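This report refers to the structure that appears directly beneath it.
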Amino acid sequence: MASPGVPVPVPAPPPTTTTASSSEKKSSSDYIRTGAQNYISRRADVRGAPNLSARGKSVIERDASVRGDFGAPVRVGRYCRVDAGATLAPSVVPASSDPTLASSSGGGDDGDDEEASPPGENERALPLVIGSHTVIGPRATIRSVSVGSCVRVGADCVLSSRSRVHDCCVIEDGTVVPPDMVVPPFSRVRGSPGRIVGTLPECAGGEFVEDRVQDYLRFVRSLED
């Protein structure tokens with residue numbers, strides 16, 4: 001699990017743009033490079049930037065959305081990748097267990113298809129922590145409390161509110177992990193709602209680490225000055 005890193009300086013969100021094709025060449029000028037060698041696309045939508053921290057050598061791509069404006073920390077580990085169009089939004093829960101204090105939005109953001117919104121009256125956001133060597137695929141929506149290290153989240157996945165994904169897991173494309181689900185280590189998850197359909201070998205963690213390091217090095221070499 002990632003520990004807090006150095007806050008990432010990010011400018012105000014730019015106007016919405018059309019997602020680039022995979023063949024479009026990238027330039028170092030398209031990214032903000034931090035002191036910890038994170039690369040944040042200038043076309044990423046990072047709100048509440050002081051609440052975002054990344055431990056180093058992670059990449060946040062264009063059109064990704066990071067909702068630090070919820071008021072809770074969003075922590076990203078080392079050698080992570082947040083792909084184009086992905087969303088990182090902390091879970092929203094009632095601020096009190098007192099049932100007489102109804103939240104302004106109905107008690108949380110369980111709806112998978114609803115756009116995440118900041119906490120309302122009598123609500124609070126929980127920290128969102130992403131471990132190291134983890135990939136968040138294109139257009140995935142992450143509302144989990146935690147996503148472990150060496151996790152691959154596929155394209156168009158939804159990890160619903162308060163869910164937890166432990167280390168060394170694969171969440172296949174299009175999977176919807178329901179609210180409060182806990183995915184144990186070395187699990188393969190598929191479907192809507194997501195179900196555990198298999199296990200990964202014990203060597204998977206080492207393979208994920210090597211893959212993420214090499215992917216980061218390829219990314220850096222691909223940038224044109």
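By order of appearance in the structure tokens: chains A, B, ..., then residues from 1 within every chain, and ligands from 1 in the order shown.
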Which polymer residues have any atom within 8 Å of an atom of Ile171 of chain A, counting only C-alpha atoms, with same-chain residues fewer than 3 positions away left out, as a ChimeraX atom specification?
-> /A:151-154,157,175,188-190
Residue neighbourhood Arg221 of chain A, 12 Å, only C-alpha atoms, exclusion window fewer than 3 positions, as a ChimeraX atom specification | /A:25-28,214-218,224-225
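Interatomic distance, atom CA of Arg43 of chain A to atom CA of Ser163 of chain A: 28.2 Å.
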Go through segment 27-119 of chain A and collect every residue that DSSP, computed from the backbone, puts in strand (DSSP E or B); the answer should be as a ChimeraX atom specification.
-> /A:27,31-33,39-41,45-47,52-56,59-60,65-67,74-78,81-82,87-88,92-94
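Nearest to Ile196 of chain A of all the residues A:Val165, A:Arg33, A:Phe208, A:Ala84 is A:Val165, based on only C-alpha atoms.
From atom CA of Gly68 of chain A back to atom CA of Tyr39 of chain A, the distance works out to 17.3 Å.
If you look at atom CA of Val145 of chain A and atom CA of Asn122 of chain A, they are 19.1 Å away from each other.
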Please report, as a PyMOL selection string, each residue of segment 4-215 of chain A to which DSSP assigns helix (DSSP H, G or I) when run on this structure's backbone.
-> chain A and resi 28-30+49-51+68-70+204-215
Those selected residues, please, written with C-alpha atoms and delivered as a PDB file, in the first residue's frame.
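Just written: out.pdb:
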```
ATOM      1  CA  SER A  28       7.859  16.085 -22.954  1.00  0.00           C
ATOM      2  CA  SER A  29       6.116  19.466 -23.192  1.00  0.00           C
ATOM      3  CA  ASP A  30       2.771  17.667 -22.938  1.00  0.00           C
ATOM      4  CA  ALA A  49      -4.162  19.198  -6.545  1.00  0.00           C
ATOM      5  CA  PRO A  50      -2.787  19.588  -2.980  1.00  0.00           C
ATOM      6  CA  ASN A  51      -4.636  16.385  -2.058  1.00  0.00           C
ATOM      7  CA  GLY A  68      -8.802  15.797  -4.956  1.00  0.00           C
ATOM      8  CA  ASP A  69     -11.530  18.400  -4.527  1.00  0.00           C
ATOM      9  CA  PHE A  70     -13.490  15.875  -2.451  1.00  0.00           C
ATOM     10  CA  ALA A 204       2.643 -12.721 -10.755  1.00  0.00           C
ATOM     11  CA  GLY A 205       3.851  -9.993  -8.406  1.00  0.00           C
ATOM     12  CA  GLY A 206       7.426 -10.122  -9.667  1.00  0.00           C
ATOM     13  CA  GLU A 207       6.242 -10.105 -13.270  1.00  0.00           C
ATOM     14  CA  PHE A 208       4.013  -7.085 -12.644  1.00  0.00           C
ATOM     15  CA  VAL A 209       6.899  -5.162 -11.053  1.00  0.00           C
ATOM     16  CA  GLU A 210       9.223  -5.806 -13.995  1.00  0.00           C
ATOM     17  CA  ASP A 211       6.500  -4.946 -16.518  1.00  0.00           C
ATOM     18  CA  ARG A 212       5.726  -1.632 -14.843  1.00  0.00           C
ATOM     19  CA  VAL A 213       9.375  -0.578 -14.585  1.00  0.00           C
ATOM     20  CA  GLN A 214      10.002  -1.378 -18.241  1.00  0.00           C
ATOM     21  CA  ASP A 215       6.801   0.374 -19.319  1.00  0.00           C
TER      22      ASP A 215
END
```
